[in-house]
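Structure file start-v4.txt (compact mmCIF, C-alpha atoms) follows.
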# COMPACT_ATOMS: atom_id res chain seq x y z
CA MET A 24 44.61 -128.13 -12.44
CA PRO A 25 43.58 -124.63 -13.53
CA ASP A 26 40.27 -123.20 -12.43
CA ARG A 27 37.72 -123.06 -15.21
CA ASP A 28 34.19 -122.08 -16.02
CA LEU A 29 32.15 -125.24 -16.45
CA THR A 30 29.14 -123.60 -18.07
CA SER A 31 28.21 -120.43 -19.83
CA ALA A 32 25.19 -118.19 -20.14
CA GLY A 33 24.20 -119.98 -23.35
CA SER A 34 22.10 -123.09 -23.67
CA SER A 35 20.47 -124.19 -20.45
CA SER A 36 21.34 -127.80 -21.32
CA GLN A 37 24.95 -126.90 -20.47
CA GLU A 38 23.79 -126.30 -16.92
CA ARG A 39 22.59 -129.90 -16.64
CA PRO A 40 25.45 -132.41 -16.65
CA ALA A 41 24.66 -135.68 -18.37
CA THR A 42 25.19 -137.93 -15.33
CA ARG A 43 24.98 -137.81 -11.56
CA ALA A 44 28.73 -138.31 -11.33
CA GLU A 45 29.29 -135.17 -13.40
CA ARG A 46 26.79 -133.19 -11.33
CA GLY A 47 28.46 -133.87 -8.00
CA ILE A 48 27.06 -133.95 -4.44
CA PHE A 49 26.21 -131.06 -2.16
CA VAL A 50 28.69 -130.47 0.66
CA PRO A 51 27.57 -128.52 3.78
CA PHE A 52 30.50 -126.14 4.00
CA THR A 53 30.35 -123.37 6.59
CA ALA A 54 32.51 -120.78 4.78
CA PRO A 55 30.19 -118.31 2.96
CA MET A 56 32.19 -118.39 -0.27
CA LEU A 57 31.82 -122.18 -0.40
CA TRP A 58 28.06 -122.19 0.18
CA GLY A 59 26.31 -124.33 -2.41
CA GLY A 60 29.51 -126.16 -3.35
CA ARG A 61 29.53 -129.76 -4.57
CA ILE A 62 32.19 -132.44 -4.73
CA ARG A 63 32.72 -134.29 -7.97
CA ARG A 64 35.12 -137.11 -8.74
CA LEU A 65 35.18 -138.52 -12.23
CA PRO A 66 36.94 -141.84 -12.90
CA GLY A 67 40.70 -141.43 -13.02
CA SER A 68 40.58 -137.80 -11.86
CA PRO A 69 41.21 -136.07 -8.53
CA PRO A 70 38.23 -134.65 -6.64
CA GLU A 71 36.92 -131.32 -7.88
CA LEU A 72 34.94 -128.59 -6.17
CA LEU A 73 32.00 -127.20 -8.14
CA LEU A 74 30.83 -123.75 -7.09
CA PRO A 75 27.70 -122.12 -8.52
CA SER A 76 28.11 -118.57 -9.69
CA LEU A 77 26.03 -116.24 -7.55
CA SER A 78 24.87 -114.63 -10.79
CA GLY A 79 23.17 -117.90 -11.73
CA ARG A 80 25.16 -117.90 -14.97
CA GLY A 81 27.64 -120.69 -14.55
CA THR A 82 29.41 -123.23 -12.42
CA TYR A 83 33.08 -122.96 -11.60
CA VAL A 84 35.44 -125.88 -11.16
CA LEU A 85 38.29 -125.56 -8.65
CA ASP A 86 40.86 -127.80 -7.11
CA TRP A 87 41.05 -127.61 -3.33
CA ARG A 88 44.26 -125.57 -3.29
CA SER A 89 42.54 -122.86 -5.30
CA ALA A 90 39.48 -123.02 -3.04
CA VAL A 91 41.67 -122.52 0.04
CA ALA A 92 43.29 -119.46 -1.53
CA ALA A 93 40.05 -117.89 -2.79
CA CYS A 94 37.31 -118.96 -0.39
CA THR A 95 38.86 -119.08 3.12
CA PRO A 96 37.46 -122.45 4.25
CA SER A 97 36.91 -122.96 7.97
CA LEU A 98 38.66 -125.66 9.99
CA HIS A 99 35.47 -127.70 9.67
CA ASP A 100 35.57 -127.31 5.87
CA ARG A 101 39.22 -128.35 5.68
CA GLN A 102 38.64 -131.44 7.79
CA LEU A 103 35.56 -132.28 5.75
CA TRP A 104 37.29 -132.01 2.39
CA ALA A 105 40.30 -134.01 3.57
CA ARG A 106 37.98 -136.96 4.25
CA LEU A 107 35.65 -136.44 1.31
CA SER A 108 38.62 -136.45 -1.06
CA LEU A 109 39.24 -140.09 -0.09
CA LEU A 110 35.91 -141.18 -1.57
CA GLN A 111 36.50 -142.81 -4.94
CA HIS A 112 32.83 -142.78 -5.96
CA PRO A 113 30.98 -140.07 -3.98
CA THR A 114 27.26 -140.56 -3.44
CA PRO A 115 24.82 -138.58 -1.27
CA ALA A 116 24.85 -141.38 1.32
CA GLY A 117 28.65 -141.58 1.28
CA VAL A 118 29.05 -137.82 1.67
CA ARG A 119 26.44 -137.80 4.43
CA GLY A 120 28.40 -140.44 6.33
CA VAL A 121 31.62 -138.40 6.14
CA VAL A 122 29.79 -135.22 7.14
CA ARG A 123 28.47 -136.94 10.26
CA LYS A 124 31.90 -138.29 11.19
CA VAL A 125 33.40 -134.80 10.99
CA ALA A 126 30.53 -133.44 13.07
CA LEU A 127 31.15 -136.15 15.68
CA MET A 128 34.69 -134.84 16.01
CA GLY A 129 33.27 -131.51 17.14
CA HIS A 130 34.46 -129.41 14.20
CA ALA A 131 30.95 -128.10 13.49
CA GLY A 132 30.13 -127.29 17.12
CA ARG A 133 28.29 -129.11 19.88
CA PRO A 134 24.77 -128.82 18.42
CA ALA A 135 25.93 -130.43 15.16
CA GLN A 136 27.81 -133.08 17.13
CA ALA A 137 24.68 -133.99 19.08
CA ALA A 138 22.59 -133.97 15.91
CA ALA A 139 25.06 -136.32 14.18
CA GLU A 140 24.95 -138.73 17.11
CA ALA A 141 21.15 -138.74 17.00
CA ALA A 142 21.13 -139.22 13.22
CA LEU A 143 23.49 -142.20 13.38
CA GLU A 144 21.41 -143.85 16.09
CA GLU A 145 18.25 -143.22 14.08
CA GLN A 146 19.89 -144.78 11.03
CA ARG A 147 20.93 -147.86 13.01
CA MET A 148 17.42 -148.33 14.37
CA ALA A 149 15.86 -147.75 10.95
CA ILE A 150 18.01 -150.46 9.39
CA GLN A 151 17.02 -152.91 12.12
CA ALA A 152 13.33 -152.05 11.81
CA VAL A 153 13.26 -152.36 8.01
CA LYS A 154 15.21 -155.62 8.15
CA ALA A 155 12.76 -157.06 10.68
CA THR A 156 9.81 -156.06 8.51
CA LEU A 157 11.41 -157.53 5.40
CA GLN A 158 12.26 -160.76 7.21
CA ALA A 159 8.68 -161.11 8.45
CA ARG A 160 7.53 -161.26 4.84
CA LEU A 161 9.61 -164.37 4.12
CA PRO A 162 8.02 -167.83 4.46
CA ALA A 163 10.99 -169.16 6.46
CA SER A 164 14.14 -167.99 8.17
CA PRO A 165 16.67 -167.03 5.47
CA ASP A 166 19.92 -168.93 5.02
CA ALA A 167 23.22 -167.06 5.36
CA PRO A 168 23.49 -165.81 1.73
CA THR A 169 19.87 -164.67 1.69
CA ALA A 170 20.28 -162.98 5.08
CA ALA A 171 23.26 -161.06 3.70
CA LEU A 172 21.19 -159.91 0.72
CA LEU A 173 18.36 -158.97 3.08
CA GLY A 174 20.73 -156.89 5.20
CA GLY A 175 22.02 -155.00 2.19
CA LEU A 176 18.47 -154.34 1.01
CA ALA A 177 17.41 -153.12 4.46
CA GLU A 178 20.36 -150.74 4.59
CA ALA A 179 19.47 -149.32 1.18
CA LEU A 180 15.79 -148.88 2.11
CA ALA A 181 16.30 -147.54 5.63
CA ASP A 182 16.34 -143.86 4.69
CA SER A 183 13.08 -144.13 2.77
CA GLY A 184 11.45 -146.41 5.34
CA ILE A 185 9.94 -148.46 2.51
CA ALA A 186 8.84 -151.95 3.50
CA PRO A 187 6.74 -154.53 1.59
CA GLY A 188 3.60 -156.28 2.70
CA VAL A 189 1.44 -153.22 3.18
CA ALA A 190 -1.53 -152.62 0.91
CA PRO A 191 -1.13 -149.65 -1.45
CA GLY A 192 -1.99 -146.45 0.34
CA ALA A 193 -0.98 -145.34 3.80
CA ALA A 194 0.58 -148.07 5.92
CA PRO A 195 -1.32 -149.17 9.04
CA GLY A 196 -0.27 -146.96 11.90
CA SER A 197 1.41 -144.44 9.60
CA PRO A 198 0.53 -140.76 9.74
CA PRO A 199 -1.97 -139.47 7.17
CA GLY A 200 -0.32 -138.84 3.83
CA SER A 201 2.39 -141.47 4.27
CA PRO A 202 3.60 -142.93 0.94
CA PRO A 203 2.62 -146.48 -0.08
CA GLY A 204 4.76 -149.04 1.67
CA SER A 205 5.98 -146.75 4.44
CA LEU A 206 7.17 -148.60 7.49
CA PRO A 207 4.61 -148.06 10.26
CA GLY A 208 5.96 -145.80 12.98
CA ASN A 209 9.26 -145.24 11.16
CA PRO A 210 8.81 -143.29 7.93
CA GLY A 211 12.54 -142.70 7.54
CA PRO A 212 14.61 -139.51 7.09
CA GLN A 213 13.58 -139.13 3.45
CA SER A 214 9.94 -138.86 4.45
CA ARG A 215 10.76 -135.95 6.73
CA GLN A 216 12.87 -134.32 4.04
CA LEU A 217 10.05 -134.80 1.56
CA ALA A 218 7.61 -133.24 4.03
CA GLY A 219 10.04 -130.35 4.47
CA LEU A 220 10.20 -129.82 0.71
CA GLU A 221 6.41 -129.93 0.47
CA ALA A 222 6.09 -127.35 3.27
CA PHE A 223 8.74 -125.22 1.56
CA CYS A 224 6.77 -125.25 -1.70
CA ASP A 225 3.54 -124.30 0.08
CA ASP A 226 5.16 -121.49 2.06
CA LEU A 227 7.13 -120.16 -0.90
CA SER A 228 4.03 -120.19 -3.08
CA ALA A 229 2.10 -118.18 -0.48
CA TRP A 230 5.02 -115.79 -0.04
CA THR A 231 5.32 -115.05 -3.77
CA ARG A 232 1.66 -114.05 -3.80
CA ARG A 233 2.10 -111.66 -0.89
CA VAL A 234 5.30 -109.77 -1.69
CA PRO A 235 5.26 -106.85 -4.12
CA ALA A 236 7.32 -107.14 -7.31
CA PRO A 237 10.22 -107.31 -7.70
CA SER A 238 11.20 -107.86 -3.99
CA GLY A 239 12.48 -111.37 -4.68
CA ARG A 240 9.22 -112.53 -6.25
CA ASN A 241 10.80 -113.50 -9.56
CA ALA A 242 13.54 -115.42 -7.80
CA GLY A 243 10.95 -117.09 -5.61
CA LEU A 244 8.93 -118.22 -8.62
CA VAL A 245 12.02 -119.74 -10.25
CA VAL A 246 12.91 -121.59 -7.05
CA LEU A 247 9.32 -122.73 -6.62
CA ALA A 248 9.25 -124.27 -10.09
CA ALA A 249 12.53 -126.11 -9.43
CA ALA A 250 11.34 -127.38 -6.04
CA ARG A 251 8.03 -128.60 -7.46
CA TYR A 252 9.77 -130.45 -10.29
CA ASN A 253 12.05 -132.19 -7.81
CA LEU A 254 9.14 -132.98 -5.52
CA ALA A 255 7.20 -134.66 -8.32
CA ALA A 256 10.24 -136.67 -9.42
CA ILE A 257 11.01 -137.82 -5.86
CA ARG A 258 7.43 -138.99 -5.33
CA ALA A 259 7.54 -140.94 -8.59
CA CYS A 260 10.84 -142.61 -7.68
CA LEU A 261 9.58 -143.57 -4.23
CA ALA A 262 6.40 -145.03 -5.73
CA ALA A 263 8.52 -147.09 -8.14
CA LEU A 264 10.14 -148.88 -5.18
CA TRP A 265 6.83 -150.56 -4.31
CA PRO A 266 6.18 -153.07 -7.14
CA PRO A 267 9.53 -154.93 -7.00
CA LEU A 268 9.16 -155.36 -3.22
CA GLU A 269 5.74 -157.00 -3.39
CA ASP A 270 7.36 -160.35 -4.25
CA LEU A 271 10.25 -160.22 -1.79
CA PRO A 272 11.04 -163.98 -1.88
CA GLY A 273 11.24 -163.86 -5.67
CA LEU A 274 13.43 -160.77 -5.55
CA LEU A 275 15.91 -162.38 -3.17
CA ALA A 276 15.87 -165.63 -5.18
CA ARG A 277 17.18 -163.72 -8.19
CA GLY A 278 20.35 -163.04 -6.22
CA PRO A 279 22.79 -160.13 -5.86
CA GLY A 280 21.98 -158.64 -9.27
CA ALA A 281 18.35 -158.07 -8.37
CA VAL A 282 19.30 -156.57 -5.00
CA ARG A 283 21.83 -154.25 -6.65
CA LEU A 284 19.06 -153.03 -8.94
CA MET A 285 16.87 -152.32 -5.93
CA VAL A 286 19.74 -150.47 -4.25
CA GLU A 287 20.09 -148.32 -7.36
CA LEU A 288 16.35 -147.61 -7.35
CA ALA A 289 16.51 -146.70 -3.66
CA GLU A 290 19.37 -144.25 -4.32
CA ARG A 291 17.35 -142.21 -6.81
CA PRO A 292 15.24 -140.24 -4.29
CA ASP A 293 18.45 -139.51 -2.37
CA TRP A 294 20.04 -137.98 -5.47
CA LEU A 295 16.97 -135.88 -6.17
CA LEU A 296 16.78 -134.64 -2.57
CA ASP A 297 20.51 -133.85 -2.46
CA GLY A 298 21.02 -130.17 -1.65
CA TRP A 299 17.39 -129.39 -0.76
CA PRO A 300 17.27 -130.05 3.03
CA PRO A 301 19.63 -127.13 3.84
CA ILE A 302 17.57 -124.86 1.60
CA THR A 303 14.26 -125.82 3.20
CA ALA A 304 15.72 -125.53 6.71
CA LEU A 305 17.17 -122.12 5.88
CA TRP A 306 13.88 -120.83 4.53
CA ALA A 307 11.91 -122.14 7.50
CA SER A 308 14.21 -120.38 9.96
CA ALA A 309 14.40 -117.05 8.08
CA SER A 310 12.48 -113.99 9.21
CA ALA A 311 10.05 -112.20 6.89
CA ARG A 312 12.47 -109.35 6.22
CA GLU A 313 15.22 -111.78 5.20
CA ARG A 314 13.26 -113.73 2.67
CA SER A 315 13.57 -111.48 -0.39
CA ALA A 316 17.36 -111.64 -0.27
CA LEU A 317 17.21 -115.33 0.63
CA ALA A 318 15.02 -116.16 -2.37
CA ALA A 319 17.64 -114.61 -4.67
CA GLU A 320 20.41 -116.53 -2.89
CA ILE A 321 18.57 -119.84 -3.20
CA ALA A 322 17.86 -119.18 -6.88
CA ALA A 323 21.61 -119.07 -7.51
CA ILE A 324 22.43 -122.33 -5.75
CA PHE A 325 19.39 -124.66 -5.95
CA PRO A 326 20.37 -128.14 -7.19
CA VAL A 327 19.54 -129.16 -10.74
CA PRO A 328 19.26 -132.90 -11.53
CA ALA A 329 21.42 -134.51 -14.20
CA LEU A 330 20.00 -135.23 -17.63
CA GLU A 331 19.95 -138.98 -16.94
CA THR A 332 17.18 -138.44 -14.38
CA ASP A 333 14.82 -137.55 -17.23
CA ARG A 334 14.59 -141.30 -17.88
CA TRP A 335 13.56 -142.04 -14.29
CA PRO A 336 9.95 -142.40 -13.10
CA GLY A 337 8.12 -139.11 -13.41
CA GLY A 338 9.58 -138.30 -16.83
CA ALA A 339 11.35 -135.19 -18.08
CA MET A 340 10.51 -131.81 -16.60
CA ASP A 341 10.78 -128.41 -18.29
CA TRP A 342 14.14 -127.53 -16.77
CA ASP A 343 15.07 -125.36 -19.76
CA THR A 344 12.41 -122.84 -18.77
CA VAL A 345 13.47 -122.89 -15.11
CA LEU A 346 17.13 -122.35 -15.94
CA ARG A 347 16.32 -119.65 -18.47
CA GLY A 348 14.38 -117.86 -15.74
CA ARG A 349 17.35 -118.16 -13.38
CA ARG A 350 19.66 -116.59 -15.93
CA LEU A 351 17.35 -113.58 -16.21
CA LEU A 352 17.61 -112.81 -12.49
CA GLY A 353 19.98 -110.13 -11.27
CA SER A 354 23.32 -110.91 -9.67
CA LEU A 355 23.67 -111.05 -5.90
CA PRO A 356 25.72 -108.36 -4.13
CA VAL A 357 29.32 -109.21 -3.33
CA LEU A 358 29.71 -110.65 0.16
CA ALA A 359 31.87 -108.62 2.51
CA GLY A 360 32.38 -107.56 6.11
CA THR A 361 29.71 -108.40 8.65
CA ARG A 362 27.66 -110.24 6.02
CA LEU A 363 30.40 -112.87 5.78
CA VAL A 364 30.40 -113.34 9.55
CA GLU A 365 26.61 -113.64 9.64
CA MET A 366 26.56 -116.21 6.84
CA ALA A 367 29.28 -118.30 8.49
CA ALA A 368 27.27 -118.41 11.73
CA ARG A 369 24.13 -119.24 9.79
CA ASN A 370 25.81 -122.07 7.93
CA GLU A 371 27.15 -123.51 11.18
CA ASP A 372 23.62 -123.51 12.60
CA LEU A 373 22.41 -125.38 9.50
CA ARG A 374 24.82 -128.22 10.26
CA ALA A 375 22.79 -129.03 13.37
CA LEU A 376 19.47 -128.78 11.51
CA THR A 377 20.42 -131.09 8.64
CA ALA A 378 22.64 -133.80 10.18
Give the structure from this file in structure tokens form.
Amino acid sequence: MPDRDLTSAGSSSQERPATRAERGIFVPFTAPMLWGGRIRRLPGSPPELLLPSLSGRGTYVLDWRSAVAACTPSLHDRQLWARLSLLQHPTPAGVRGVVRKVALMGHAGRPAQAAAEAALEEQRMAIQAVKATLQARLPASPDAPTAALLGGLAEALADSGIAPGVAPGAAPGSPPGSPPGSLPGNPGPQSRQLAGLEAFCDDLSAWTRRVPAPSGRNAGLVVLAAARYNLAAIRACLAALWPPLEDLPGLLARGPGAVRLMVELAERPDWLLDGWPPITALWASASARERSALAAEIAAIFPVPALETDRWPGGAMDWDTVLRGRRLLGSLPVLAGTRLVEMAARNEDLRALTA
């Protein structure tokens, strides 16, 4: 398959694929030239690697052989792609599971290995806790088919920590600011990621007011708008999980179709968060002198949701303006020499921070 330019510098709508499948899922590569890359697999096609142009003016589509020749993937990256390429229908959760398995093998270093072990244990405990809370809301012990549906629902809701039976507002025992329906004492990984995105927006907003122009300010403002749009959409999607869960017995009585719909609803915040945790972790760990260059780098690679998300809770956002602003930013300098080594080390450190 020849390499090709997926988008152009023309209409910003070209920079927003119609569906999530077309958009692809962020992959935490360590090689600098693969930073910001996504995996995409359309029905009947082999997996493709989508790489954002560092100029912010396009997305390039490569097969893995071309990526190996042009981008010098690390051993970790090669092992990761070999396993990701087996996924027939990649999702953020599916990619995250593969990423953790590769980290457990030690290819991303010991800190990432330990972080993956902790993340998998946290996930296991979250599923158990959400399932117990769901089961407590039923009038009687579920039969085998209902228990199976309950288990699938708990697994889907574990990342968000959502559980029914709590009055709208913060759940009893939850920290201040917890979303409606949060599971007391176990807000879930998405809650932490959401808090990280909120902190990122606050810090970036303050930073853009302090730095002199240009000094990355324009890039920072473009990134800030994108992050705020995603934050609003994620909050709306999480809030939409609450009403269907209020009548849990009725939901389960409607059978597998109703549970599949809830699973789809629960996946939406995951899709909107996809690609942001590494960005927020990178910004939080950067020094003041690094942030101007980092703002420009993030502006080139921040994730843009697919057009279908405009029909989700929260409504359509003004992505045309955001993407037009990104296209007006200057290109990043070509990576070379010690900068490549520094970025590779940085990306390896991120693997431990975002397991």
May I ask for the distance between atom CA of A:Gly174 and atom CA of A:Ala126, given in Å to one decimal place?
->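 Separation between atom CA of A:Gly174 and atom CA of A:Ala126: 26.6 Å.
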What is the atom CA of A:Trp299 to atom CA of A:Trp104 distance in Å?
-> 20.3 Å
Using all atoms listed in the file, which residue out of A:Arg314, A:Lys124, A:Lys154, A:Thr332 lies closest to A:Gln136?
-> A:Lys124
Residues around (6.0, -123.2, -4.2), cut-off 9 Å, counting all atoms listed in the file - what are they as an mmCIF file with C-alpha atoms, keeping the file's coordinate frame?
data_model
loop_
_atom_site.group_PDB
_atom_site.id
_atom_site.type_symbol
_atom_site.label_atom_id
_atom_site.label_comp_id
_atom_site.auth_asym_id
_atom_site.auth_seq_id
_atom_site.Cartn_x
_atom_site.Cartn_y
_atom_site.Cartn_z
ATOM 1 C CA GLU A 221 6.410 -129.930 0.470
ATOM 2 C CA ALA A 222 6.090 -127.350 3.270
ATOM 3 C CA PHE A 223 8.740 -125.220 1.560
ATOM 4 C CA CYS A 224 6.770 -125.250 -1.700
ATOM 5 C CA ASP A 225 3.540 -124.300 0.080
ATOM 6 C CA ASP A 226 5.160 -121.490 2.060
ATOM 7 C CA LEU A 227 7.130 -120.160 -0.900
ATOM 8 C CA SER A 228 4.030 -120.190 -3.080
ATOM 9 C CA ALA A 229 2.100 -118.180 -0.480
ATOM 10 C CA TRP A 230 5.020 -115.790 -0.040
ATOM 11 C CA THR A 231 5.320 -115.050 -3.770
ATOM 12 C CA GLY A 243 10.950 -117.090 -5.610
ATOM 13 C CA LEU A 244 8.930 -118.220 -8.620
ATOM 14 C CA VAL A 246 12.910 -121.590 -7.050
ATOM 15 C CA LEU A 247 9.320 -122.730 -6.620
ATOM 16 C CA ALA A 248 9.250 -124.270 -10.090
ATOM 17 C CA ALA A 249 12.530 -126.110 -9.430
ATOM 18 C CA ALA A 250 11.340 -127.380 -6.040
ATOM 19 C CA ARG A 251 8.030 -128.600 -7.460
#
Would you list the contacts of A:Ala263 as a list in words, taking every protein, DNA or RNA residue within 9 Å and counting only C-alpha atoms, but skipping same-chain residues closer than 5 positions in sequence?
->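 Non-adjacent residues within range: Arg258, Leu288 and Pro336 of chain A.
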If we count all atoms listed in the file, what is near A:Asn241 at a cut-off of 12 Å, once residues fewer than 4 positions away on the same chain are taken out, given as a list in words?
-> Leu227, Ser228, Trp230, Thr231, Arg232, Val234, Pro235, Ala236, Pro237, Val245, Val246, Leu247, Ala248, Ser315, Ala316, Ala318, Ala319, Ile321, Ala322, Val345, Gly348, Arg349, Arg350, Leu351, Leu352 and Gly353 of chain A
Please produce an output containing C-alpha atoms for each residue in the selection, written as a PDB file, in the frame of the given file.
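Okay, again.pdb is ready:
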ATOM      1  CA  LEU A 227       7.130-120.160  -0.900  1.00  0.00           C
ATOM      2  CA  SER A 228       4.030-120.190  -3.080  1.00  0.00           C
ATOM      3  CA  TRP A 230       5.020-115.790  -0.040  1.00  0.00           C
ATOM      4  CA  THR A 231       5.320-115.050  -3.770  1.00  0.00           C
ATOM      5  CA  ARG A 232       1.660-114.050  -3.800  1.00  0.00           C
ATOM      6  CA  VAL A 234       5.300-109.770  -1.690  1.00  0.00           C
ATOM      7  CA  PRO A 235       5.260-106.850  -4.120  1.00  0.00           C
ATOM      8  CA  ALA A 236       7.320-107.140  -7.310  1.00  0.00           C
ATOM      9  CA  PRO A 237      10.220-107.310  -7.700  1.00  0.00           C
ATOM     10  CA  VAL A 245      12.020-119.740 -10.250  1.00  0.00           C
ATOM     11  CA  VAL A 246      12.910-121.590  -7.050  1.00  0.00           C
ATOM     12  CA  LEU A 247       9.320-122.730  -6.620  1.00  0.00           C
ATOM     13  CA  ALA A 248       9.250-124.270 -10.090  1.00  0.00           C
ATOM     14  CA  SER A 315      13.570-111.480  -0.390  1.00  0.00           C
ATOM     15  CA  ALA A 316      17.360-111.640  -0.270  1.00  0.00           C
ATOM     16  CA  ALA A 318      15.020-116.160  -2.370  1.00  0.00           C
ATOM     17  CA  ALA A 319      17.640-114.610  -4.670  1.00  0.00           C
ATOM     18  CA  ILE A 321      18.570-119.840  -3.200  1.00  0.00           C
ATOM     19  CA  ALA A 322      17.860-119.180  -6.880  1.00  0.00           C
ATOM     20  CA  VAL A 345      13.470-122.890 -15.110  1.00  0.00           C
ATOM     21  CA  GLY A 348      14.380-117.860 -15.740  1.00  0.00           C
ATOM     22  CA  ARG A 349      17.350-118.160 -13.380  1.00  0.00           C
ATOM     23  CA  ARG A 350      19.660-116.590 -15.930  1.00  0.00           C
ATOM     24  CA  LEU A 351      17.350-113.580 -16.210  1.00  0.00           C
ATOM     25  CA  LEU A 352      17.610-112.810 -12.490  1.00  0.00           C
ATOM     26  CA  GLY A 353      19.980-110.130 -11.270  1.00  0.00           C
TER      27      GLY A 353
END
Kindly give the distance, in Å, that separates atom CA of A:Ala378 and atom CA of A:Met148, rounded to a single decimal.
->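 Distance reported for this atom pair: 16.0 Å.
Residue neighbourhood of stretch 114-116 of chain A, excluding near-sequence residues (fewer than 3 positions): Ile48, Phe49, Arg119, Gly120, Asp293, Trp294 and Asp297 of chain A, at 8 Å, using all atoms listed in the file.
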Since we have the selection now, will you write its residues out, keeping C-alpha atoms, as a PDB file, keeping the file's coordinate frame?
ATOM      1  CA  ILE A  48      27.060-133.950  -4.440  1.00  0.00           C
ATOM      2  CA  PHE A  49      26.210-131.060  -2.160  1.00  0.00           C
ATOM      3  CA  ARG A 119      26.440-137.800   4.430  1.00  0.00           C
ATOM      4  CA  GLY A 120      28.400-140.440   6.330  1.00  0.00           C
ATOM      5  CA  ASP A 293      18.450-139.510  -2.370  1.00  0.00           C
ATOM      6  CA  TRP A 294      20.040-137.980  -5.470  1.00  0.00           C
ATOM      7  CA  ASP A 297      20.510-133.850  -2.460  1.00  0.00           C
TER       8      ASP A 297
END
Considering all atoms listed in the file, return as an MDAnalysis selection string whatever protein or nucleic-acid residues lie within 12 Å of A:Ala276, sequence-local ones (same chain, fewer than 2 positions apart) excluded.
-> chainID A and resid 161 165:166 168:170 172:173 270:274 278:282
Counting only C-alpha atoms, which residues come within 12 Å of (27.9, -134.1, 5.0), with the point read in the file's coordinates, and could you list them as number ranges by chain?
-> A: 48-53, 60-62, 99-100, 102-104, 106-107, 113-127, 131, 135, 139, 142, 297-298, 300-301, 373-378
Option closest in space to A:Glu371, from A:Pro66, A:Glu140, A:Ser89, A:Gly129 [counting all atoms listed in the file] |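 Ranked by minimum distance to A:Glu371, first place goes to A:Gly129.
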Which of these, A:Cys260, A:Ala163, A:Cys94, A:Ala329, has the shortest distance to A:Leu72 once you count only C-alpha atoms?
->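 Of all the options, A:Cys94 lies closest to A:Leu72.
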Pick out the residues sitting within 7 Å of A:Glu71, and hand them over as a count of residues only; count all atoms listed in the file, and ignore anything fewer than 4 positions along from it in its own chain.
-> 6
Of the candidates A:Leu110, A:Ala307, A:Ala93, A:Ala177, which one gets nearest to A:Ala155 if we count only C-alpha atoms?
-> A:Ala177
Stretch 166-181 of chain A, all listed atoms, 3 Å padding on each side: what axis-aligned box centre and edge lengths in Å to one decimal come out, as AutoDock Vina command-line options?
--center_x 19.6 --center_y -158.2 --center_z 3.2 --size_x 13.7 --size_y 27.4 --size_z 10.9
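Between A:Leu57 and the candidates A:Arg101, A:His130, A:Arg291, A:Ser183, the tightest atom-to-atom separation, counting only C-alpha atoms, involves A:Arg101.
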Which is closer to A:Arg362 than all the others in A:Met56, A:Ala41, A:Leu254, A:Ile150, using all atoms listed in the file?
-> A:Met56
